[in-house]
$ cat target.csv   # CSV, C-alpha atoms and all ligand atoms
chain,number,residue,atom,x,y,z
Q,8,MET,CA,-23.5,-140.3,-19.2
Q,9,ILE,CA,-25.0,-137.1,-17.8
Q,10,GLU,CA,-22.6,-134.4,-16.9
Q,11,PRO,CA,-24.6,-131.3,-16.2
Q,12,ILE,CA,-23.0,-127.9,-16.5
Q,13,LEU,CA,-23.3,-126.1,-13.1
Q,14,SER,CA,-23.8,-122.4,-12.7
Q,15,ASP,CA,-20.9,-120.7,-10.8
Q,16,ASP,CA,-23.0,-120.1,-7.7
Q,17,VAL,CA,-24.2,-123.7,-7.5
Q,18,ALA,CA,-20.7,-125.1,-8.2
Q,19,GLN,CA,-19.2,-122.9,-5.5
Q,20,ALA,CA,-21.9,-123.8,-3.0
Q,21,LEU,CA,-21.3,-127.5,-3.6
Q,22,ALA,CA,-17.6,-127.1,-3.3
Q,23,GLU,CA,-18.0,-125.4,0.0
Q,24,HIS,CA,-20.6,-128.0,1.2
Q,25,ARG,CA,-23.3,-125.4,1.5
Q,26,ALA,CA,-27.0,-126.1,1.0
Q,27,VAL,CA,-28.4,-126.3,-2.5
Q,28,VAL,CA,-31.9,-127.1,-3.6
Q,29,ALA,CA,-32.6,-128.4,-7.1
Q,30,LEU,CA,-35.7,-127.2,-8.9
Q,31,GLU,CA,-37.4,-128.7,-11.9
Q,32,SER,CA,-38.2,-126.5,-14.9
Q,33,THR,CA,-41.4,-128.0,-16.4
Q,34,ILE,CA,-43.5,-126.3,-13.7
Q,35,PHE,CA,-41.9,-122.9,-14.8
Q,36,SER,CA,-42.5,-123.5,-18.5
Q,37,ASN,CA,-45.7,-123.1,-20.5
Q,38,LEU,CA,-46.3,-126.8,-19.9
Q,39,GLY,CA,-46.6,-126.3,-16.1
Q,40,LEU,CA,-48.2,-122.8,-15.6
Q,41,PRO,CA,-49.4,-120.1,-18.0
Q,42,ALA,CA,-47.5,-116.8,-18.2
Q,43,PRO,CA,-47.0,-114.7,-16.2
Q,44,ALA,CA,-47.7,-117.1,-13.3
Q,45,ASN,CA,-44.8,-119.3,-14.4
Q,46,ALA,CA,-42.3,-116.4,-14.0
Q,47,ASP,CA,-43.8,-115.6,-10.6
Q,48,ALA,CA,-43.5,-119.2,-9.5
Q,49,LEU,CA,-39.8,-119.2,-10.5
Q,50,GLU,CA,-39.1,-116.0,-8.5
Q,51,LEU,CA,-41.1,-117.2,-5.5
Q,52,CYS,CA,-39.4,-120.5,-5.4
Q,53,LYS,CA,-35.9,-119.1,-5.8
Q,54,GLN,CA,-36.6,-116.5,-3.1
Q,55,ALA,CA,-38.0,-119.1,-0.7
Q,56,VAL,CA,-34.9,-121.2,-1.1
Q,57,ARG,CA,-32.6,-118.2,-0.5
Q,58,GLU,CA,-34.6,-116.9,2.4
Q,59,HIS,CA,-34.0,-120.2,4.1
Q,60,GLY,CA,-30.3,-120.2,3.5
Q,61,ALA,CA,-29.8,-122.4,0.4
Q,62,VAL,CA,-28.9,-121.8,-3.2
Q,63,PRO,CA,-31.5,-122.6,-5.8
Q,64,ALA,CA,-30.5,-124.7,-8.8
Q,65,VAL,CA,-33.0,-124.9,-11.7
Q,66,ALA,CA,-32.4,-127.8,-14.1
Q,67,ALA,CA,-33.0,-127.7,-17.9
Q,68,VAL,CA,-31.5,-128.7,-21.2
Q,69,LEU,CA,-30.2,-125.8,-23.3
Q,70,ASP,CA,-28.7,-126.3,-26.7
Q,71,GLY,CA,-28.3,-130.0,-26.2
Q,72,GLN,CA,-26.5,-129.6,-22.8
Q,73,ALA,CA,-27.9,-130.4,-19.4
Q,74,HIS,CA,-27.7,-127.6,-16.9
Q,75,VAL,CA,-28.1,-127.3,-13.1
Q,76,GLY,CA,-28.3,-123.7,-12.1
Q,77,LEU,CA,-29.2,-121.1,-14.7
Q,78,SER,CA,-28.3,-117.5,-15.6
Q,79,PRO,CA,-31.1,-114.9,-15.9
Q,80,ASP,CA,-31.0,-115.2,-19.7
Q,81,GLU,CA,-31.2,-119.0,-19.5
Q,82,GLU,CA,-34.1,-118.7,-17.1
Q,83,LYS,CA,-35.9,-116.6,-19.6
Q,84,ARG,CA,-35.5,-119.3,-22.2
Q,85,VAL,CA,-36.9,-121.9,-19.8
Q,86,LEU,CA,-40.1,-119.8,-19.2
Q,87,GLN,CA,-40.8,-120.2,-23.0
Q,88,GLY,CA,-39.9,-123.9,-23.1
Q,89,THR,CA,-42.4,-126.3,-24.6
Q,90,ARG,CA,-40.4,-129.5,-24.9
Q,91,LYS,CA,-40.8,-131.8,-21.9
Q,92,VAL,CA,-37.7,-133.8,-20.9
Q,93,ALA,CA,-38.3,-136.8,-18.7
Q,94,GLU,CA,-35.3,-138.9,-17.5
Q,95,ARG,CA,-35.2,-141.1,-20.6
Q,96,ASP,CA,-35.4,-138.0,-22.8
Q,97,LEU,CA,-32.2,-136.5,-21.4
Q,98,ALA,CA,-30.1,-138.7,-23.7
Q,99,VAL,CA,-32.2,-137.8,-26.8
Q,100,ALA,CA,-32.3,-134.1,-26.0
Q,101,GLN,CA,-28.5,-134.1,-25.8
Q,102,ALA,CA,-28.0,-136.3,-28.8
Q,103,GLN,CA,-30.3,-134.2,-30.9
Q,104,GLY,CA,-29.2,-130.9,-29.5
Q,105,TRP,CA,-32.6,-129.7,-28.3
Q,106,GLY,CA,-32.7,-125.9,-28.0
Q,107,VAL,CA,-34.8,-125.7,-24.8
Q,108,GLY,CA,-35.9,-128.9,-22.9
Q,109,VAL,CA,-37.7,-128.4,-19.6
Q,110,THR,CA,-37.1,-131.1,-17.1
Q,111,THR,CA,-39.8,-133.0,-15.2
Q,112,VAL,CA,-39.3,-134.5,-11.8
Q,113,SER,CA,-37.7,-137.7,-13.2
Q,114,ALA,CA,-35.1,-135.8,-15.3
Q,115,THR,CA,-34.4,-133.3,-12.5
Q,116,VAL,CA,-33.9,-136.0,-9.9
Q,117,ALA,CA,-31.4,-137.7,-12.2
Q,118,LEU,CA,-29.6,-134.4,-12.8
Q,119,ALA,CA,-29.6,-133.5,-9.1
Q,120,HIS,CA,-28.0,-136.9,-8.5
Q,121,ALA,CA,-25.4,-136.3,-11.2
Q,122,ALA,CA,-24.6,-132.9,-9.7
Q,123,GLY,CA,-24.4,-134.2,-6.1
Q,124,ILE,CA,-27.4,-132.3,-4.9
Q,125,PRO,CA,-29.4,-134.4,-2.4
Q,126,VAL,CA,-32.5,-132.2,-2.0
Q,127,PHE,CA,-35.0,-131.3,-4.7
Q,128,ALA,CA,-38.3,-129.3,-4.6
Q,129,THR,CA,-41.2,-129.4,-7.0
Q,130,GLY,CA,-45.0,-128.8,-6.9
Q,131,GLY,CA,-46.5,-132.2,-7.4
Q,132,ILE,CA,-45.1,-135.4,-8.7
Q,133,GLY,CA,-46.5,-137.5,-11.5
Q,134,GLY,CA,-47.9,-140.9,-10.5
Q,135,VAL,CA,-50.1,-143.8,-11.6
Q,136,HIS,CA,-52.8,-142.5,-13.9
Q,137,ARG,CA,-56.3,-143.6,-13.5
Q,138,GLY,CA,-57.7,-146.3,-15.8
Q,139,SER,CA,-56.0,-149.5,-17.0
Q,140,ASP,CA,-53.7,-148.1,-19.7
Q,141,LEU,CA,-50.5,-148.6,-17.7
Q,142,ASP,CA,-49.6,-144.9,-17.7
Q,143,VAL,CA,-47.2,-144.7,-14.8
Q,144,SER,CA,-45.1,-141.5,-14.6
Q,145,ALA,CA,-41.4,-142.1,-14.8
Q,146,ASP,CA,-41.1,-139.8,-11.8
Q,147,LEU,CA,-41.8,-142.8,-9.6
Q,148,ASP,CA,-39.0,-144.9,-11.0
Q,149,ALA,CA,-36.6,-142.0,-10.9
Q,150,ILE,CA,-37.4,-141.2,-7.2
Q,151,ALA,CA,-36.8,-144.9,-6.5
Q,152,ASN,CA,-33.4,-144.9,-8.3
Q,153,HIS,CA,-31.6,-141.7,-7.3
Q,154,PRO,CA,-30.5,-140.9,-3.8
Q,155,VAL,CA,-32.4,-137.6,-3.6
Q,156,ILE,CA,-35.1,-136.3,-1.3
Q,157,THR,CA,-38.0,-135.0,-3.4
Q,158,VAL,CA,-40.1,-132.4,-1.6
Q,159,CYS,CA,-43.7,-132.2,-3.1
Q,160,ALA,CA,-47.3,-131.5,-2.2
Q,161,GLY,CA,-48.2,-135.1,-3.0
Q,162,ALA,CA,-49.7,-135.7,-6.4
Q,163,LYS,CA,-52.8,-134.2,-8.1
Q,164,ALA,CA,-56.0,-136.1,-7.4
Q,165,PHE,CA,-56.5,-136.7,-11.2
Q,166,LEU,CA,-54.0,-139.5,-10.7
Q,167,ASP,CA,-54.7,-142.8,-9.0
Q,168,LEU,CA,-53.4,-141.9,-5.6
Q,169,PRO,CA,-53.9,-145.3,-3.8
Q,170,ARG,CA,-52.0,-147.0,-6.7
Q,171,THR,CA,-49.3,-144.3,-6.7
Q,172,LEU,CA,-48.7,-145.1,-3.0
Q,173,GLU,CA,-48.7,-148.8,-3.7
Q,174,TYR,CA,-46.1,-148.3,-6.4
Q,175,LEU,CA,-43.8,-146.3,-4.2
Q,176,GLU,CA,-44.1,-149.0,-1.5
Q,177,THR,CA,-43.1,-151.7,-4.0
Q,178,ALA,CA,-40.2,-149.6,-5.3
Q,179,GLY,CA,-38.9,-149.2,-1.7
Q,180,VAL,CA,-39.3,-145.5,-1.5
Q,181,PRO,CA,-39.8,-144.1,2.1
Q,182,VAL,CA,-42.8,-141.8,1.9
Q,183,LEU,CA,-43.0,-139.2,4.6
Q,184,GLY,CA,-45.5,-136.6,5.7
Q,185,TRP,CA,-44.1,-133.2,6.8
Q,186,GLN,CA,-45.8,-132.4,10.1
Q,187,HIS,CA,-48.9,-134.2,8.7
Q,188,ASP,CA,-50.5,-137.6,8.9
Q,189,TRP,CA,-52.1,-137.7,5.4
Q,190,PHE,CA,-50.9,-138.0,1.9
Q,191,PRO,CA,-51.6,-134.6,0.4
Q,192,ALA,CA,-53.5,-134.2,-2.9
Q,193,PHE,CA,-51.8,-131.0,-4.2
Q,194,TYR,CA,-54.7,-128.5,-3.9
Q,195,THR,CA,-56.0,-130.2,-0.8
Q,196,ARG,CA,-54.1,-131.0,2.4
Q,197,SER,CA,-55.4,-134.5,2.5
Q,198,SER,CA,-56.2,-137.2,0.0
Q,199,GLY,CA,-57.9,-139.2,2.7
Q,200,LEU,CA,-55.1,-141.7,2.5
Q,201,PRO,CA,-52.7,-142.0,5.4
Q,202,VAL,CA,-49.1,-141.2,4.7
Q,203,PRO,CA,-46.9,-144.1,5.8
Q,204,HIS,CA,-44.7,-142.1,8.2
Q,205,ARG,CA,-45.0,-138.7,9.7
Q,206,VAL,CA,-41.8,-136.6,10.3
Q,207,ASP,CA,-41.8,-133.4,12.4
Q,208,ASP,CA,-38.4,-131.8,11.8
Q,209,GLU,CA,-35.5,-131.5,9.3
Q,210,ARG,CA,-33.2,-133.7,11.2
Q,211,MET,CA,-35.5,-136.7,11.0
Q,212,VAL,CA,-35.8,-136.3,7.2
Q,213,CYS,CA,-32.0,-136.3,6.9
Q,214,ASP,CA,-31.8,-139.3,9.1
Q,215,VAL,CA,-34.2,-141.2,6.9
Q,216,LEU,CA,-32.0,-140.5,3.9
Q,217,ARG,CA,-29.0,-141.5,5.9
Q,218,PHE,CA,-30.4,-144.8,7.2
Q,219,ARG,CA,-32.5,-146.0,4.2
Q,220,ALA,CA,-31.9,-149.6,3.2
Q,221,ARG,CA,-31.0,-149.0,-0.4
Q,222,PRO,CA,-28.3,-146.4,-0.9
Q,223,GLU,CA,-29.5,-145.8,-4.5
Q,224,THR,CA,-33.1,-145.0,-3.5
Q,225,GLY,CA,-34.6,-141.6,-2.9
Q,226,VAL,CA,-37.0,-140.4,-0.3
Q,227,LEU,CA,-40.4,-138.7,-0.9
Q,228,LEU,CA,-41.3,-135.9,1.5
Q,229,THR,CA,-44.9,-134.7,1.1
Q,230,VAL,CA,-45.8,-131.3,2.4
Q,231,PRO,CA,-49.4,-130.2,2.5
Q,232,ILE,CA,-50.5,-126.9,0.9
Q,233,PRO,CA,-50.7,-124.1,3.5
Q,234,VAL,CA,-54.1,-124.1,5.2
Q,235,ASP,CA,-55.1,-120.6,3.8
Q,236,ASP,CA,-54.3,-121.6,0.2
Q,237,GLU,CA,-56.3,-124.9,0.1
Q,238,ILE,CA,-59.0,-125.3,-2.5
Q,239,PRO,CA,-62.1,-127.2,-1.1
Q,240,ALA,CA,-62.1,-130.9,-2.1
Q,241,GLU,CA,-65.7,-130.8,-3.4
Q,242,ARG,CA,-64.8,-128.0,-5.8
Q,243,ILE,CA,-61.6,-129.5,-7.1
Q,244,ASP,CA,-63.0,-133.0,-7.5
Q,245,ALA,CA,-65.6,-131.8,-10.0
Q,246,VAL,CA,-62.9,-129.9,-11.9
Q,247,LEU,CA,-60.5,-132.8,-12.0
Q,248,THR,CA,-63.2,-135.2,-13.4
Q,249,ALA,CA,-64.1,-132.7,-16.1
Q,250,ALA,CA,-60.5,-132.2,-17.0
Q,251,LEU,CA,-59.9,-136.0,-17.3
Q,252,GLU,CA,-63.0,-136.4,-19.4
Q,253,ALA,CA,-61.9,-133.6,-21.7
Q,254,SER,CA,-58.5,-135.2,-22.1
Q,255,ALA,CA,-60.0,-138.6,-22.9
Q,256,ARG,CA,-62.4,-137.0,-25.5
Q,257,ALA,CA,-59.4,-135.2,-27.1
Q,258,GLY,CA,-57.6,-138.5,-27.4
Q,259,VAL,CA,-54.5,-137.2,-25.6
Q,260,VAL,CA,-52.0,-139.9,-24.7
Q,261,GLY,CA,-48.4,-140.2,-23.4
Q,262,PRO,CA,-46.4,-137.3,-22.0
Q,263,ALA,CA,-49.0,-134.8,-23.4
Q,264,VAL,CA,-51.6,-136.0,-20.8
Q,265,THR,CA,-50.3,-134.2,-17.8
Q,266,PRO,CA,-49.9,-130.7,-19.4
Q,267,TYR,CA,-53.3,-131.1,-21.1
Q,268,VAL,CA,-55.0,-131.9,-17.8
Q,269,LEU,CA,-53.2,-129.1,-16.0
Q,270,ALA,CA,-54.3,-126.5,-18.6
Q,271,ARG,CA,-57.9,-127.8,-18.4
Q,272,ILE,CA,-57.9,-127.5,-14.6
Q,273,GLU,CA,-56.8,-123.8,-14.9
Q,274,LYS,CA,-59.6,-123.2,-17.4
Q,275,GLU,CA,-62.3,-125.0,-15.3
Q,276,THR,CA,-61.3,-123.0,-12.2
Q,277,ASP,CA,-61.1,-119.7,-14.1
Q,278,GLY,CA,-57.5,-119.5,-13.0
Q,279,GLN,CA,-58.2,-120.0,-9.3
Q,280,SER,CA,-56.0,-123.0,-9.3
Q,281,ILE,CA,-52.9,-120.8,-10.0
Q,282,PRO,CA,-52.5,-119.0,-6.7
Q,283,ALA,CA,-52.8,-122.3,-4.9
Q,284,ASN,CA,-50.2,-123.8,-7.2
Q,285,LEU,CA,-47.8,-120.9,-6.5
Q,286,ALA,CA,-48.4,-121.1,-2.7
Q,287,LEU,CA,-47.6,-124.8,-2.5
Q,288,ALA,CA,-44.6,-124.6,-4.8
Q,289,ARG,CA,-43.1,-121.8,-2.7
Q,290,ASN,CA,-43.8,-123.6,0.5
Q,291,ASN,CA,-42.2,-126.8,-0.8
Q,292,ALA,CA,-39.1,-124.8,-1.8
Q,293,ALA,CA,-38.9,-123.3,1.7
Q,294,VAL,CA,-39.2,-126.7,3.4
Q,295,ALA,CA,-36.6,-128.2,1.0
Q,296,ALA,CA,-34.2,-125.4,1.8
Q,297,ARG,CA,-34.5,-126.1,5.5
Q,298,ILE,CA,-33.7,-129.7,4.9
Q,299,ALA,CA,-30.8,-128.9,2.6
Q,300,VAL,CA,-29.4,-126.6,5.3
Q,301,ALA,CA,-29.8,-129.3,8.0
Q,302,ASN,CA,-28.2,-131.8,5.7
Q,303,ALA,CA,-25.2,-129.7,4.6
W,401,LIG,N1,-48.0,-132.1,-11.7
W,401,LIG,C1,-48.2,-130.8,-11.5
W,401,LIG,N2,-47.6,-129.9,-12.3
W,401,LIG,C2,-46.6,-130.2,-13.2
W,401,LIG,C3,-46.3,-131.6,-13.3
W,401,LIG,C4,-47.0,-132.5,-12.6
W,401,LIG,O1,-49.1,-130.5,-10.7
W,401,LIG,O2,-46.1,-129.3,-13.8
W,401,LIG,C5,-45.2,-132.0,-14.3
W,401,LIG,C6,-43.9,-132.3,-13.5
W,401,LIG,O3,-42.8,-131.9,-14.2
W,401,LIG,C7,-43.9,-133.9,-13.4
W,401,LIG,C8,-44.5,-134.2,-14.8
W,401,LIG,O4,-42.7,-134.4,-13.3
W,401,LIG,O5,-45.6,-133.2,-15.0
W,401,LIG,C9,-45.1,-135.6,-14.9
W,401,LIG,O6,-45.5,-135.9,-16.2
W,401,LIG,P1,-45.9,-137.4,-16.6
W,401,LIG,O7,-47.3,-137.6,-15.9
W,401,LIG,O8,-46.0,-137.3,-18.1
W,401,LIG,O9,-44.9,-138.3,-16.1
W,402,MN,MN,-47.2,-140.9,-18.8
$ encode --input "target.csv" --output "C-alpha cells" --more "lines below"
Ligand code: PSU
Ligand code: MN
Amino acid sequence: MIEPILSDDVAQALAEHRAVVALESTIFSNLGLPAPANADALELCKQAVREHGAVPAVAAVLDGQAHVGLSPDEEKRVLQGTRKVAERDLAVAQAQGWGVGVTTVSATVALAHAAGIPVFATGGIGGVHRGSDLDVSADLDAIANHPVITVCAGAKAFLDLPRTLEYLETAGVPVLGWQHDWFPAFYTRSSGLPVPHRVDDERMVCDVLRFRARPETGVLLTVPIPVDDEIPAERIDAVLTAALEASARAGVVGPAVTPYVLARIEKETDGQSIPANLALARNNAAVAARIAVANA
C-alpha cells in the first residue's frame, strides 16, 4: 500500500479542507529540465499555486519513503534526482529504499489519490509513442484509475497524439479543453485535433469530476500554452522529428525514451524550448490552483 508522508503544511491544509495542488517531481529533476531551469520551474510553479490561494505539494520518493509536500532540503535533493519513478516503480523504490526517486505523472496521480488531493498539475503528460512498438505511457492508465484532475498542456507532438486521444477515450477519461477547442501540443496551442469538450470556468471542471460515470476515474484538463510563449509549429515539428530520429539511432528504449527526447529537443532548439516549458508549467499550476480552490 502507498502511505505517503505529508509535509506539515499539506497535512494541515487537507485537514482544514483547504485547496492543495499536487505537483510531479520528474519535471523538476535533471530528467525533465536542465539546471538551473529545473529550480526556476519549481519556484515558479509553487509561487503560481500560492498566488492563486492553494498549497503546493510536490511528490517524490526519499530514502524509500513516498512523500507529498517537501521541505526545502528535500526539494534540493529532488532537483538532483535521476531515478524516474512511474506508478509501478513506487513499490520497488520503497522496497529497495531508493535514495531519491522522482515521480512521473502516473506515480504522482497515485500519490495524490492516496493523500486525498484531487487536483494535480504538470507540464505535459506521456502518451502513446509513435511507431508500432506498444510504448504507451503508464500516465494514461494512472489518469484512468485515480480520481484526480490532471492539469497539463496536452502532450508533446513527438507522441502519437491521435492515438493518445483514442486511448483516453477507451479508458473512459473525460478530456477537457480549458477555454480552448483544440487538444494542445505542449509548445503549440493546438495539435490540430479537436478536444472532446471545452470548459470555460473552474466550476464546470469540478462538476465534471463530480458527475463522472466511474468514481475511480480521473479527468484530464488540457490548458494551452500562453499565446506569447508559443513556439511556431513549423519550427518545433522539425526539431521533434530530429529528436525522435536521434533517439532511434541511439537505440534508446523504455522509460529512457522520454528524458532522451526531451534533452534532444533542448539541444536542437539551443535551449529555446526551456522558457516555453517554464511558462506552460507555471500557467498549468495557476489554473490547477483555481480549480482546487473552487473544489475545496
Ligand atoms: N513530458 C514532458 N516533460 C516531462 C515528462 C513528459 O514534456 O518531464 C515526464 C513526465 O514526468 C511524464 C513522463 O509523466 O515524462 C512520461 O514518461 P514515459 O513516456 O516514460 O511514460
Ligand atoms: Mn514508455
$ residues_near_ligand --input "target.csv" --ligand "ligand MN 402 (chain W)" --cutoff "7 Å" --atoms "all atoms listed in the file" --output "mmCIF file with C-alpha atoms, keeping the file's coordinate frame"
data_model
loop_
_atom_site.group_PDB
_atom_site.id
_atom_site.type_symbol
_atom_site.label_atom_id
_atom_site.label_comp_id
_atom_site.auth_asym_id
_atom_site.auth_seq_id
_atom_site.Cartn_x
_atom_site.Cartn_y
_atom_site.Cartn_z
ATOM 1 C CA ASP Q 142 -49.600 -144.900 -17.700
ATOM 2 C CA VAL Q 143 -47.200 -144.700 -14.800
ATOM 3 C CA SER Q 144 -45.100 -141.500 -14.600
ATOM 4 C CA GLY Q 261 -48.400 -140.200 -23.400
ATOM 5 C CA PRO Q 262 -46.400 -137.300 -22.000
ATOM 6 C CA VAL Q 264 -51.600 -136.000 -20.800
#
$ residues_near_ligand --input "target.csv" --ligand "ligand LIG 401 (chain W)" --cutoff "10 Å" --atoms "only C-alpha atoms and all ligand atoms" --output "MDAnalysis selection string"
chainID Q and resid 31:40 91:94 109:116 129:136 142:147 159:166 192:194 260:266 268:270 284 288
$ closest_residue --input "target.csv" --among "Q:Ala122, Q:Asp70, Q:Ile243, Q:Arg137" --to "Q:Ala18" --atoms "only C-alpha atoms"
Q:Ala122
$ residues_near_point --input "target.csv" --point "(-22.6, -125.8, -1.3)" --cutoff "10 Å" --atoms "only C-alpha atoms" --output "list in words"
Asp16, Val17, Ala18, Gln19, Ala20, Leu21, Ala22, Glu23, His24, Arg25, Ala26, Val27, Val28, Ala61, Val62, Gly123, Ile124, Ala299, Val300 and Ala303 of chain Q
$ residues_around --input "target.csv" --residues "Q:Gly71" --least-positions-apart "3" --cutoff "6 Å" --atoms "only C-alpha atoms" --output "ChimeraX atom specification"
/Q:100-101,104-105
$ atom_distance --input "target.csv" --atom1 "atom CA of Q:Thr171" --atom2 "atom CA of Q:Val158"
15.9 Å
$ atom_distance --input "target.csv" --atom1 "atom CA of Q:Thr177" --atom2 "atom CA of Q:Ala98"
26.9 Å
$ residues_around --input "target.csv" --residues "stretch 204-219 of chain Q" --least-positions-apart "5" --cutoff "10 Å" --atoms "all atoms listed in the file" --output "PyMOL selection string"
chain Q and resi 125-126+154-156+179-190+224-229+294-303
$ residues_around --input "target.csv" --residues "Q:Ala249" --least-positions-apart "2" --cutoff "10 Å" --atoms "all atoms listed in the file" --output "VMD selection string"
chain Q and resid 165 243 to 247 251 to 255 268 271 to 272 275
$ closest_residue --input "target.csv" --among "Q:Ala73, Q:Ala67, Q:Leu141, Q:Ala44" --to "Q:Ile12" --atoms "only C-alpha atoms"
Q:Ala73
$ residues_near_point --input "target.csv" --point "(-31.2, -129.7, -12.6)" --cutoff "6 Å" --atoms "only C-alpha atoms" --output "number ranges by chain"
Q: 29, 65-67, 74-75, 115, 118-119
$ build_atoms --input "target.csv" --residues "stretch 192-199 of chain Q" --atoms "all heavy atoms" --output "compact mmCIF listing (two decimals), in the frame of the given file"
# COMPACT_ATOMS: atom_id res chain seq x y z
N ALA Q 192 -53.01 -134.07 -1.52
CA ALA Q 192 -53.50 -134.20 -2.90
C ALA Q 192 -53.34 -132.82 -3.60
O ALA Q 192 -54.29 -132.33 -4.22
CB ALA Q 192 -54.88 -134.71 -2.99
N PHE Q 193 -52.16 -132.20 -3.47
CA PHE Q 193 -51.80 -131.00 -4.20
C PHE Q 193 -52.69 -129.81 -3.73
O PHE Q 193 -52.30 -129.09 -2.84
CB PHE Q 193 -51.91 -131.23 -5.69
CG PHE Q 193 -51.12 -130.25 -6.52
CD1 PHE Q 193 -49.75 -130.42 -6.70
CD2 PHE Q 193 -51.72 -129.18 -7.14
CE1 PHE Q 193 -49.00 -129.53 -7.47
CE2 PHE Q 193 -50.99 -128.27 -7.90
CZ PHE Q 193 -49.63 -128.45 -8.07
N TYR Q 194 -53.86 -129.62 -4.29
CA TYR Q 194 -54.70 -128.50 -3.90
C TYR Q 194 -55.38 -128.67 -2.56
O TYR Q 194 -55.86 -127.72 -1.97
CB TYR Q 194 -55.86 -128.31 -4.94
CG TYR Q 194 -55.38 -128.01 -6.33
CD1 TYR Q 194 -55.69 -128.84 -7.40
CD2 TYR Q 194 -54.62 -126.86 -6.58
CE1 TYR Q 194 -55.26 -128.56 -8.68
CE2 TYR Q 194 -54.19 -126.58 -7.87
CZ TYR Q 194 -54.50 -127.42 -8.90
OH TYR Q 194 -54.08 -127.15 -10.16
N THR Q 195 -55.44 -129.91 -2.10
CA THR Q 195 -56.00 -130.20 -0.80
C THR Q 195 -55.00 -130.82 0.12
O THR Q 195 -54.10 -131.53 -0.33
CB THR Q 195 -57.26 -131.13 -0.93
OG1 THR Q 195 -56.86 -132.26 -1.69
CG2 THR Q 195 -58.42 -130.45 -1.62
N ARG Q 196 -55.14 -130.53 1.40
CA ARG Q 196 -54.10 -131.00 2.40
C ARG Q 196 -54.16 -132.49 2.57
O ARG Q 196 -53.17 -133.09 2.96
CB ARG Q 196 -54.33 -130.26 3.70
CG ARG Q 196 -53.93 -128.78 3.59
CD ARG Q 196 -54.20 -128.02 4.88
NE ARG Q 196 -53.52 -128.54 6.04
CZ ARG Q 196 -52.25 -128.29 6.36
NH1 ARG Q 196 -51.52 -127.54 5.58
NH2 ARG Q 196 -51.73 -128.79 7.45
N SER Q 197 -55.31 -133.10 2.32
CA SER Q 197 -55.40 -134.50 2.50
C SER Q 197 -56.10 -135.23 1.40
O SER Q 197 -57.14 -134.76 0.93
CB SER Q 197 -56.10 -134.84 3.84
OG SER Q 197 -56.33 -136.24 3.92
N SER Q 198 -55.56 -136.36 0.96
CA SER Q 198 -56.20 -137.20 0.00
C SER Q 198 -57.19 -138.16 0.65
O SER Q 198 -57.91 -138.90 -0.01
CB SER Q 198 -55.20 -138.00 -0.81
OG SER Q 198 -54.48 -138.81 0.12
N GLY Q 199 -57.16 -138.18 2.00
CA GLY Q 199 -57.90 -139.20 2.70
C GLY Q 199 -57.13 -140.48 2.91
O GLY Q 199 -57.57 -141.39 3.59
